[in-house]
$ cat work_5.tsv   # TSV, C-alpha atoms and all ligand atoms
chain	number	residue	atom	x	y	z
A	1	MET	CA	-48.29	-23.55	-28.85
A	2	ALA	CA	-44.94	-22.05	-29.80
A	3	ASP	CA	-44.63	-20.65	-33.30
A	4	THR	CA	-41.96	-22.77	-34.99
A	5	THR	CA	-41.91	-20.90	-38.29
A	6	ALA	CA	-38.71	-18.90	-38.72
A	7	ALA	CA	-39.06	-15.12	-38.68
A	8	ALA	CA	-38.87	-13.58	-42.12
A	9	THR	CA	-35.55	-12.07	-43.10
A	10	TYR	CA	-34.67	-9.80	-45.99
A	11	GLY	CA	-33.37	-12.82	-47.90
A	12	SER	CA	-36.32	-15.11	-47.23
A	13	TYR	CA	-39.01	-12.48	-47.81
A	14	LEU	CA	-37.59	-11.27	-51.12
A	15	LYS	CA	-36.35	-14.70	-52.21
A	16	ILE	CA	-32.93	-13.25	-52.89
A	17	ASP	CA	-31.19	-16.60	-53.49
A	18	GLU	CA	-33.77	-17.54	-56.13
A	19	LEU	CA	-33.64	-14.07	-57.66
A	20	LEU	CA	-29.85	-14.08	-57.98
A	21	SER	CA	-29.87	-17.49	-59.60
A	22	LEU	CA	-32.10	-16.35	-62.47
A	23	GLN	CA	-29.43	-14.58	-64.56
A	24	GLN	CA	-27.88	-17.23	-66.78
A	25	PRO	CA	-25.73	-15.91	-69.63
A	26	ARG	CA	-25.48	-18.15	-72.70
A	27	SER	CA	-22.24	-16.82	-74.23
A	28	ASP	CA	-18.82	-18.40	-73.70
A	29	GLY	CA	-16.80	-16.67	-71.06
A	30	PRO	CA	-19.49	-15.39	-70.54
A	31	GLU	CA	-19.20	-12.09	-72.41
A	32	HIS	CA	-19.13	-9.19	-69.95
A	33	ASP	CA	-22.19	-7.29	-71.24
A	34	GLU	CA	-24.59	-10.21	-71.35
A	35	LEU	CA	-25.33	-9.89	-67.63
A	36	LEU	CA	-26.48	-6.28	-68.10
A	37	PHE	CA	-28.64	-7.33	-71.05
A	38	ILE	CA	-30.36	-10.06	-69.02
A	39	ILE	CA	-30.83	-7.95	-65.92
A	40	ILE	CA	-32.32	-5.00	-67.78
A	41	HIS	CA	-34.87	-7.21	-69.51
A	42	GLN	CA	-35.78	-8.93	-66.26
A	43	VAL	CA	-36.19	-5.56	-64.57
A	44	TYR	CA	-38.51	-4.48	-67.41
A	45	GLU	CA	-40.60	-7.60	-66.99
A	46	LEU	CA	-40.95	-6.83	-63.28
A	47	TRP	CA	-42.04	-3.28	-64.10
A	48	PHE	CA	-44.51	-4.67	-66.64
A	49	LYS	CA	-45.92	-6.90	-63.90
A	50	GLU	CA	-46.27	-3.95	-61.54
A	51	LEU	CA	-47.88	-1.81	-64.28
A	52	LEU	CA	-50.48	-4.49	-65.01
A	53	HIS	CA	-51.21	-4.67	-61.29
A	54	GLU	CA	-51.68	-0.90	-61.10
A	55	PHE	CA	-53.73	-0.66	-64.33
A	56	ASP	CA	-56.14	-3.24	-62.98
A	57	ARG	CA	-56.55	-1.03	-59.95
A	58	VAL	CA	-57.22	2.07	-62.06
A	59	ALA	CA	-59.97	0.27	-63.96
A	60	ARG	CA	-61.49	-1.00	-60.70
A	61	LEU	CA	-61.34	2.45	-59.10
A	62	LEU	CA	-62.90	4.18	-62.10
A	63	THR	CA	-65.93	1.95	-61.76
A	64	SER	CA	-66.03	2.12	-57.94
A	65	GLU	CA	-67.57	4.53	-55.47
A	66	ALA	CA	-64.23	6.35	-55.18
A	67	PRO	CA	-63.24	7.08	-58.79
A	68	HIS	CA	-61.17	10.14	-57.79
A	69	ARG	CA	-58.58	7.73	-56.35
A	70	ALA	CA	-57.82	6.49	-59.86
A	71	GLN	CA	-55.75	9.64	-60.44
A	72	HIS	CA	-53.42	8.75	-57.60
A	73	THR	CA	-52.74	5.33	-59.11
A	74	LEU	CA	-52.34	6.82	-62.57
A	75	LYS	CA	-49.69	9.14	-61.18
A	76	ARG	CA	-47.78	6.14	-59.87
A	77	ILE	CA	-48.04	4.46	-63.27
A	78	LEU	CA	-46.67	7.56	-64.98
A	79	THR	CA	-43.76	7.73	-62.56
A	80	ILE	CA	-42.89	4.09	-63.28
A	81	LEU	CA	-43.12	4.77	-67.01
A	82	LYS	CA	-40.60	7.61	-66.68
A	83	VAL	CA	-38.19	5.28	-64.89
A	84	MET	CA	-38.70	2.70	-67.64
A	85	VAL	CA	-37.85	5.22	-70.33
A	86	ALA	CA	-34.79	6.42	-68.38
A	87	GLN	CA	-33.51	2.86	-68.04
A	88	LEU	CA	-32.83	2.74	-71.76
A	89	ASP	CA	-29.89	5.09	-71.06
A	90	ILE	CA	-28.15	2.24	-69.26
A	91	LEU	CA	-28.45	-0.12	-72.21
A	92	GLU	CA	-27.19	2.61	-74.54
A	93	THR	CA	-23.81	2.40	-72.78
A	94	MET	CA	-23.44	-0.94	-74.60
A	95	THR	CA	-21.71	-0.48	-77.96
A	96	PRO	CA	-22.70	-2.34	-81.15
A	97	LEU	CA	-19.62	-4.56	-80.87
A	98	GLU	CA	-20.29	-5.38	-77.23
A	99	PHE	CA	-23.81	-6.46	-78.20
A	100	LEU	CA	-22.51	-8.48	-81.15
A	101	SER	CA	-20.25	-10.41	-78.79
A	102	PHE	CA	-23.27	-12.38	-77.55
A	103	ARG	CA	-26.16	-11.50	-79.93
A	104	ALA	CA	-26.01	-14.80	-81.83
A	105	ARG	CA	-26.67	-16.63	-78.56
A	106	LEU	CA	-30.08	-14.98	-78.31
A	107	GLU	CA	-31.19	-17.05	-81.32
A	108	ALA	CA	-34.88	-16.15	-81.92
A	109	ALA	CA	-35.40	-14.50	-78.51
A	110	SER	CA	-36.72	-10.94	-78.67
A	111	GLY	CA	-38.72	-8.44	-76.64
A	112	PHE	CA	-41.25	-8.95	-79.42
A	113	GLN	CA	-42.24	-12.11	-77.52
A	114	SER	CA	-42.96	-10.33	-74.22
A	115	ASP	CA	-46.50	-11.34	-73.36
A	116	GLN	CA	-46.66	-8.77	-70.58
A	117	PHE	CA	-45.87	-5.97	-73.03
A	118	ARG	CA	-48.70	-7.26	-75.26
A	119	GLN	CA	-50.99	-7.41	-72.22
A	120	ILE	CA	-50.26	-3.75	-71.54
A	121	GLU	CA	-51.00	-2.92	-75.19
A	122	PHE	CA	-54.25	-4.88	-75.00
A	123	LEU	CA	-55.49	-3.22	-71.84
A	124	LEU	CA	-54.68	0.15	-73.37
A	125	GLY	CA	-56.77	-0.74	-76.39
A	126	ALA	CA	-54.17	-1.84	-78.95
A	127	LYS	CA	-55.58	-5.33	-79.44
A	128	ASN	CA	-54.40	-7.83	-82.00
A	129	GLU	CA	-55.73	-11.37	-81.91
A	130	GLN	CA	-52.75	-12.75	-83.82
A	131	ALA	CA	-50.48	-11.82	-80.94
A	132	ILE	CA	-52.23	-14.50	-78.85
A	133	GLU	CA	-51.49	-17.20	-81.44
A	134	ARG	CA	-47.75	-16.70	-81.02
A	135	PHE	CA	-47.83	-18.26	-77.55
A	136	PRO	CA	-48.05	-22.03	-77.06
A	137	GLU	CA	-51.19	-23.62	-75.71
A	138	PRO	CA	-51.47	-24.11	-72.84
A	139	SER	CA	-49.20	-21.51	-71.27
A	140	ARG	CA	-49.43	-18.80	-68.64
A	141	ALA	CA	-48.69	-16.19	-71.31
A	142	ARG	CA	-51.41	-17.33	-73.69
A	143	GLU	CA	-54.05	-17.57	-71.00
A	144	ALA	CA	-53.21	-14.14	-69.62
A	145	LEU	CA	-53.25	-12.57	-73.06
A	146	ALA	CA	-56.50	-14.26	-74.09
A	147	ARG	CA	-58.11	-12.96	-70.88
A	148	ARG	CA	-56.92	-9.42	-71.60
A	149	TYR	CA	-58.20	-9.68	-75.14
A	150	GLN	CA	-61.74	-10.34	-73.93
A	151	ALA	CA	-61.64	-7.72	-71.16
A	152	PRO	CA	-62.72	-4.08	-71.49
A	153	THR	CA	-59.88	-1.61	-72.01
A	154	LEU	CA	-58.87	1.35	-69.87
A	155	TRP	CA	-60.67	3.59	-72.38
A	156	ASP	CA	-63.86	1.55	-71.87
A	157	ALA	CA	-63.57	2.02	-68.10
A	158	PHE	CA	-63.06	5.74	-68.70
A	159	LEU	CA	-66.17	6.03	-70.92
A	160	HIS	CA	-68.29	4.18	-68.35
A	161	TYR	CA	-66.96	6.51	-65.71
A	162	LEU	CA	-67.90	9.58	-67.80
A	163	SER	CA	-71.36	8.16	-68.28
A	164	ARG	CA	-71.73	7.80	-64.52
A	165	GLU	CA	-70.51	11.37	-64.14
A	166	GLY	CA	-73.53	12.43	-66.17
A	167	TYR	CA	-72.02	12.81	-69.64
A	168	ARG	CA	-74.15	11.50	-72.53
A	169	VAL	CA	-71.84	8.79	-73.79
A	170	PRO	CA	-73.75	7.07	-76.62
A	171	ALA	CA	-74.97	3.58	-75.71
A	172	ALA	CA	-73.12	2.11	-78.70
A	173	HIS	CA	-69.83	3.13	-77.08
A	174	LEU	CA	-70.76	1.66	-73.72
A	175	SER	CA	-71.69	-1.71	-75.19
A	176	ARG	CA	-69.10	-1.84	-77.97
A	177	ASP	CA	-67.12	-4.93	-78.93
A	178	VAL	CA	-64.19	-4.57	-76.51
A	179	THR	CA	-61.92	-6.78	-78.61
A	180	ALA	CA	-61.90	-4.20	-81.42
A	181	ARG	CA	-59.87	-1.01	-81.41
A	182	ALA	CA	-61.97	1.99	-80.37
A	183	GLU	CA	-62.51	4.14	-83.45
A	184	PRO	CA	-62.18	7.94	-83.15
A	185	SER	CA	-65.62	9.36	-82.39
A	186	PHE	CA	-67.02	12.79	-83.02
A	187	GLU	CA	-69.57	12.37	-80.18
A	188	ILE	CA	-66.89	11.45	-77.65
A	189	GLN	CA	-64.76	14.34	-78.85
A	190	ALA	CA	-67.67	16.74	-78.20
A	191	ILE	CA	-67.90	15.41	-74.63
A	192	LEU	CA	-64.17	15.80	-74.12
A	193	ILE	CA	-64.29	19.40	-75.34
A	194	ASP	CA	-67.04	20.11	-72.78
A	195	ILE	CA	-64.90	18.58	-70.07
A	196	TYR	CA	-61.84	20.63	-70.96
A	197	ARG	CA	-63.90	23.82	-71.04
A	198	GLY	CA	-65.96	23.37	-67.91
A	199	ASP	CA	-64.95	20.45	-65.73
A	200	PRO	CA	-61.45	20.91	-64.29
A	201	LYS	CA	-61.54	17.72	-62.20
A	202	ASN	CA	-62.19	15.47	-65.19
A	203	ALA	CA	-59.97	17.56	-67.45
A	204	GLU	CA	-57.13	16.61	-65.07
A	205	LEU	CA	-57.97	12.95	-65.55
A	206	CYS	CA	-57.92	13.44	-69.33
A	207	GLU	CA	-54.49	15.04	-69.04
A	208	ARG	CA	-53.16	12.02	-67.13
A	209	LEU	CA	-54.40	9.76	-69.96
A	210	VAL	CA	-52.59	11.98	-72.45
A	211	ASP	CA	-49.45	11.71	-70.29
A	212	LEU	CA	-49.81	7.95	-70.41
A	213	ASP	CA	-50.27	7.88	-74.17
A	214	GLU	CA	-47.30	10.20	-74.69
A	215	GLY	CA	-45.22	8.21	-72.19
A	216	LEU	CA	-45.67	4.95	-74.05
A	217	GLN	CA	-44.91	6.63	-77.36
A	218	GLU	CA	-41.78	8.08	-75.78
A	219	TRP	CA	-40.67	4.58	-74.74
A	220	ARG	CA	-41.26	3.32	-78.29
A	221	TYR	CA	-39.26	6.17	-79.78
A	222	ARG	CA	-36.34	5.74	-77.37
A	223	HIS	CA	-36.36	1.96	-77.93
A	224	VAL	CA	-36.22	2.26	-81.71
A	225	LYS	CA	-33.38	4.81	-81.57
A	226	MET	CA	-31.49	2.52	-79.19
A	227	VAL	CA	-32.07	-0.38	-81.57
A	228	GLU	CA	-30.88	1.72	-84.52
A	229	ARG	CA	-27.66	2.77	-82.82
A	230	THR	CA	-26.98	-0.79	-81.71
A	231	ILE	CA	-27.83	-2.92	-84.77
A	232	GLY	CA	-28.46	-0.36	-87.53
A	233	MET	CA	-30.70	-1.81	-90.25
A	234	LYS	CA	-30.12	-5.48	-89.44
A	235	ARG	CA	-33.15	-7.71	-88.99
A	236	GLY	CA	-34.39	-8.39	-85.45
A	237	THR	CA	-33.74	-11.65	-83.63
A	238	GLY	CA	-37.54	-11.96	-83.37
A	239	GLY	CA	-37.74	-12.16	-87.19
A	240	SER	CA	-39.03	-8.69	-88.04
A	241	ALA	CA	-37.33	-6.18	-90.33
A	242	GLY	CA	-36.00	-4.50	-87.15
A	243	VAL	CA	-35.89	-0.68	-87.23
A	244	PRO	CA	-38.40	-0.32	-90.13
A	245	TYR	CA	-40.88	-2.52	-88.24
A	246	LEU	CA	-40.42	-0.60	-84.98
A	247	ALA	CA	-40.61	2.77	-86.76
A	248	GLY	CA	-44.03	1.72	-88.06
A	249	THR	CA	-45.32	1.46	-84.47
A	250	LEU	CA	-44.50	5.13	-83.75
A	251	GLY	CA	-46.99	7.99	-83.79
A	252	LYS	CA	-50.05	5.79	-83.25
A	253	PRO	CA	-51.90	7.24	-80.26
A	254	LEU	CA	-53.81	4.99	-77.88
A	255	PHE	CA	-56.52	7.55	-77.25
A	256	PRO	CA	-56.96	9.37	-80.59
A	257	ASP	CA	-59.97	11.38	-79.40
A	258	LEU	CA	-57.89	13.06	-76.71
A	259	TRP	CA	-55.40	14.20	-79.36
A	260	GLU	CA	-57.97	15.12	-81.98
A	261	ILE	CA	-59.70	17.73	-79.81
A	262	ARG	CA	-56.60	19.73	-78.95
A	263	GLY	CA	-56.66	21.82	-82.09
A	264	ARG	CA	-60.30	22.62	-81.47
A	265	LEU	CA	-60.07	23.89	-77.89
B	301	LIG	C1	-29.69	-3.85	-77.40
B	301	LIG	C2	-30.92	-3.87	-76.95
B	301	LIG	C3	-32.13	-4.15	-77.79
B	301	LIG	C4	-32.23	-4.40	-79.11
B	301	LIG	C5	-31.11	-4.44	-80.16
B	301	LIG	C6	-33.62	-4.63	-79.41
B	301	LIG	C7	-34.11	-4.91	-80.66
B	301	LIG	C8	-35.44	-5.10	-80.97
B	301	LIG	C9	-35.96	-5.39	-82.28
B	301	LIG	C10	-35.11	-5.48	-83.55
B	301	LIG	C11	-37.29	-5.55	-82.18
B	301	LIG	C12	-38.28	-5.88	-83.31
B	301	LIG	C13	-38.72	-7.31	-83.21
B	301	LIG	C14	-37.64	-8.28	-83.66
B	301	LIG	O1	-37.58	-8.59	-84.86
B	301	LIG	O2	-36.87	-8.76	-82.81
B	301	LIG	C15	-37.63	-5.33	-80.79
B	301	LIG	C16	-38.92	-5.38	-80.27
B	301	LIG	C17	-39.22	-5.19	-78.96
B	301	LIG	N1	-38.34	-4.98	-77.92
B	301	LIG	FE1	-36.38	-4.67	-78.09
B	301	LIG	N2	-34.34	-4.48	-78.25
B	301	LIG	C18	-33.48	-4.21	-77.24
B	301	LIG	C19	-33.80	-4.00	-75.92
B	301	LIG	C20	-35.07	-4.11	-75.39
B	301	LIG	C21	-35.41	-3.95	-74.00
B	301	LIG	C22	-34.44	-3.64	-72.85
B	301	LIG	C23	-36.74	-4.17	-73.89
B	301	LIG	C24	-37.51	-4.15	-72.61
B	301	LIG	C25	-38.35	-5.09	-72.33
B	301	LIG	C26	-37.25	-4.43	-75.21
B	301	LIG	C27	-38.56	-4.68	-75.52
B	301	LIG	C28	-39.06	-4.87	-76.78
B	301	LIG	C29	-40.47	-5.01	-77.07
B	301	LIG	C30	-41.60	-4.94	-76.07
B	301	LIG	C31	-40.57	-5.19	-78.44
B	301	LIG	C32	-41.87	-5.34	-79.25
B	301	LIG	C33	-42.27	-3.94	-79.76
B	301	LIG	C34	-43.48	-3.95	-80.67
B	301	LIG	O3	-43.82	-5.00	-81.27
B	301	LIG	O4	-44.11	-2.88	-80.80
B	301	LIG	N3	-36.21	-4.37	-76.10
B	301	LIG	N4	-36.51	-5.07	-80.07

$ encode --input "work_5.tsv" --output "structure tokens" --more "lines below"
Ligand code: HEM
Amino acid sequence: MADTTAAATYGSYLKIDELLSLQQPRSDGPEHDELLFIIIHQVYELWFKELLHEFDRVARLLTSEAPHRAQHTLKRILTILKVMVAQLDILETMTPLEFLSFRARLEAASGFQSDQFRQIEFLLGAKNEQAIERFPEPSRAREALARRYQAPTLWDAFLHYLSREGYRVPAAHLSRDVTARAEPSFEIQAILIDIYRGDPKNAELCERLVDLDEGLQEWRYRHVKMVERTIGMKRGTGGSAGVPYLAGTLGKPLFPDLWEIRGRL
């Protein structure tokens, strides 16, 4: 029987018509810079989606028969993160007055409400049950976030991997409550010091996790400086104090044990 389905084209495969219809400015005119503002946020959400996809793979690989492949995926994640940080440069070409021309039309909308960003925080260990409550029930966002809340974090996958590599990770760490933040641990730090001193393969993996931690902190820092130069000390559209709130999220490492040991190597 002849195949009657049309061959895929660039437009049909990538759903270009649908994609190009998704940017809908709210300002009168509309104001010139609102399109950039919408596109950059949509691009971020797509990168968040891709990161979640890749992080799930890292966790799967770490617990598989081929854990060494996790490094390859981590490298991809780090490359994406660099692009995400660099993208803030584009938004910084928008002056405070250009932003003000349409800011009121955002009403209460804010990146603060990005469920995918919270999912990334959760899978990296920064869990906060209240963040789930902010999303309506039922919704895709709430379900996804609730699932991530109950799931082990990347750090948990890493500790299980180390245990399988023969390191004496205490049982309490392997069966911990994964919805709580992992507390710094002297026993884990002792293991990490051993790795750095005598296990180059796993020391490399540790370094990639430090890159990741530093990369996310870099994004936070660049975001808060961008916010400061654009709205100064005004409150955020999401209802927070703005810069003071964001500044409070800086300097909080995801993997404190990996930072703690560095002065002791
Ligand atoms: C002119 C551009 C931007 C301004 C003025 C701005 C402003 C703010 C402010 C004031 C907050 C604090 C929450 C609030 O009260 O609203 C915030 C949070 C946030 N923004 Fe932006 N933002 C901008 C661009 C972006 C972009 C491009 C992204 C990429 C997705 C983004 C993602 C986030 C995220 C994820 C948070 C939550 C951070 C946290 O809770 O730790 N923002 N933003």

$ closest_residue --input "work_5.tsv" --among "A:Tyr149, A:Tyr245, A:Tyr10, A:Trp259" --to "ligand LIG 301 (chain B)" --atoms "all atoms listed in the file"
A:Tyr245

$ residues_near_ligand --input "work_5.tsv" --ligand "ligand LIG 301 (chain B)" --cutoff "9 Å" --atoms "all atoms listed in the file" --output "PyMOL selection string"
chain A and resi 37-45+48+84+87-88+91-92+94-96+99+103+108-118+121+220+223-224+226-250

$ closest_residue --input "work_5.tsv" --among "A:Val210, A:Leu106, A:Ile261, A:Leu254" --to "Arg197 in chain A" --atoms "only C-alpha atoms"
A:Ile261

$ residues_around --input "work_5.tsv" --residues "range 154-169 of chain A" --least-positions-apart "2" --cutoff "9 Å" --atoms "all atoms listed in the file" --output "number ranges by chain"
A: 55-56, 58-60, 62-64, 67, 123-125, 152, 171-174, 176, 178, 182, 187-188, 191, 202, 254-255

$ atom_distance --input "work_5.tsv" --atom1 "CA of Arg208 in chain A" --atom2 "CA of Gln150 in chain A"
24.9 Å

$ closest_residue --input "work_5.tsv" --among "A:Arg264, A:Lys82, A:Arg69, A:Arg148" --to "Ile132 in chain A" --atoms "only C-alpha atoms"
A:Arg148

$ atom_distance --input "work_5.tsv" --atom1 "CA of Val85 in chain A" --atom2 "CA of Leu212 in chain A"
12.3 Å

$ atom_distance --input "work_5.tsv" --atom1 "CA of Gln71 in chain A" --atom2 "CA of Leu209 in chain A"
9.6 Å

$ closest_residue --input "work_5.tsv" --among "A:Ala7, A:Ala126, A:Glu214, A:Ile120" --to "Ala144 in chain A" --atoms "all atoms listed in the file"
A:Ile120

$ decode --input "work_5.tsv" --residues "range 191-204 of chain A" --atoms "N, CA and C atoms" --output "PDB file, in the first residue's frame"
ATOM      1  N   ILE A 191      35.580  10.840  52.530  1.00  0.00           N
ATOM      2  CA  ILE A 191      35.594  10.038  51.297  1.00  0.00           C
ATOM      3  C   ILE A 191      36.057  10.896  50.119  1.00  0.00           C
ATOM      4  N   LEU A 192      35.524  12.113  50.056  1.00  0.00           N
ATOM      5  CA  LEU A 192      35.883  12.985  48.925  1.00  0.00           C
ATOM      6  C   LEU A 192      37.377  13.313  48.939  1.00  0.00           C
ATOM      7  N   ILE A 193      37.919  13.497  50.129  1.00  0.00           N
ATOM      8  CA  ILE A 193      39.361  13.792  50.226  1.00  0.00           C
ATOM      9  C   ILE A 193      40.154  12.591  49.686  1.00  0.00           C
ATOM     10  N   ASP A 194      39.735  11.386  50.059  1.00  0.00           N
ATOM     11  CA  ASP A 194      40.400  10.178  49.526  1.00  0.00           C
ATOM     12  C   ASP A 194      40.340  10.158  48.002  1.00  0.00           C
ATOM     13  N   ILE A 195      39.186  10.497  47.479  1.00  0.00           N
ATOM     14  CA  ILE A 195      39.022  10.475  46.014  1.00  0.00           C
ATOM     15  C   ILE A 195      39.979  11.469  45.358  1.00  0.00           C
ATOM     16  N   TYR A 196      40.000  12.697  45.895  1.00  0.00           N
ATOM     17  CA  TYR A 196      40.867  13.706  45.281  1.00  0.00           C
ATOM     18  C   TYR A 196      42.336  13.290  45.355  1.00  0.00           C
ATOM     19  N   ARG A 197      42.699  12.596  46.437  1.00  0.00           N
ATOM     20  CA  ARG A 197      44.121  12.244  46.601  1.00  0.00           C
ATOM     21  C   ARG A 197      44.514  11.012  45.810  1.00  0.00           C
ATOM     22  N   GLY A 198      43.555  10.094  45.574  1.00  0.00           N
ATOM     23  CA  GLY A 198      44.024   8.830  44.992  1.00  0.00           C
ATOM     24  C   GLY A 198      43.164   8.219  43.907  1.00  0.00           C
ATOM     25  N   ASP A 199      42.165   8.949  43.422  1.00  0.00           N
ATOM     26  CA  ASP A 199      41.260   8.337  42.451  1.00  0.00           C
ATOM     27  C   ASP A 199      40.932   9.365  41.356  1.00  0.00           C
ATOM     28  N   PRO A 200      41.860   9.536  40.415  1.00  0.00           N
ATOM     29  CA  PRO A 200      41.708  10.610  39.419  1.00  0.00           C
ATOM     30  C   PRO A 200      40.400  10.534  38.630  1.00  0.00           C
ATOM     31  N   LYS A 201      39.948   9.327  38.323  1.00  0.00           N
ATOM     32  CA  LYS A 201      38.715   9.202  37.518  1.00  0.00           C
ATOM     33  C   LYS A 201      37.530   9.830  38.272  1.00  0.00           C
ATOM     34  N   ASN A 202      37.380   9.466  39.523  1.00  0.00           N
ATOM     35  CA  ASN A 202      36.243  10.014  40.275  1.00  0.00           C
ATOM     36  C   ASN A 202      36.481  11.452  40.731  1.00  0.00           C
ATOM     37  N   ALA A 203      37.754  11.835  40.845  1.00  0.00           N
ATOM     38  CA  ALA A 203      38.048  13.242  41.155  1.00  0.00           C
ATOM     39  C   ALA A 203      37.563  14.133  40.004  1.00  0.00           C
ATOM     40  N   GLU A 204      37.703  13.626  38.770  1.00  0.00           N
ATOM     41  CA  GLU A 204      37.197  14.352  37.592  1.00  0.00           C
ATOM     42  C   GLU A 204      35.694  14.569  37.701  1.00  0.00           C
TER      43      GLU A 204
END
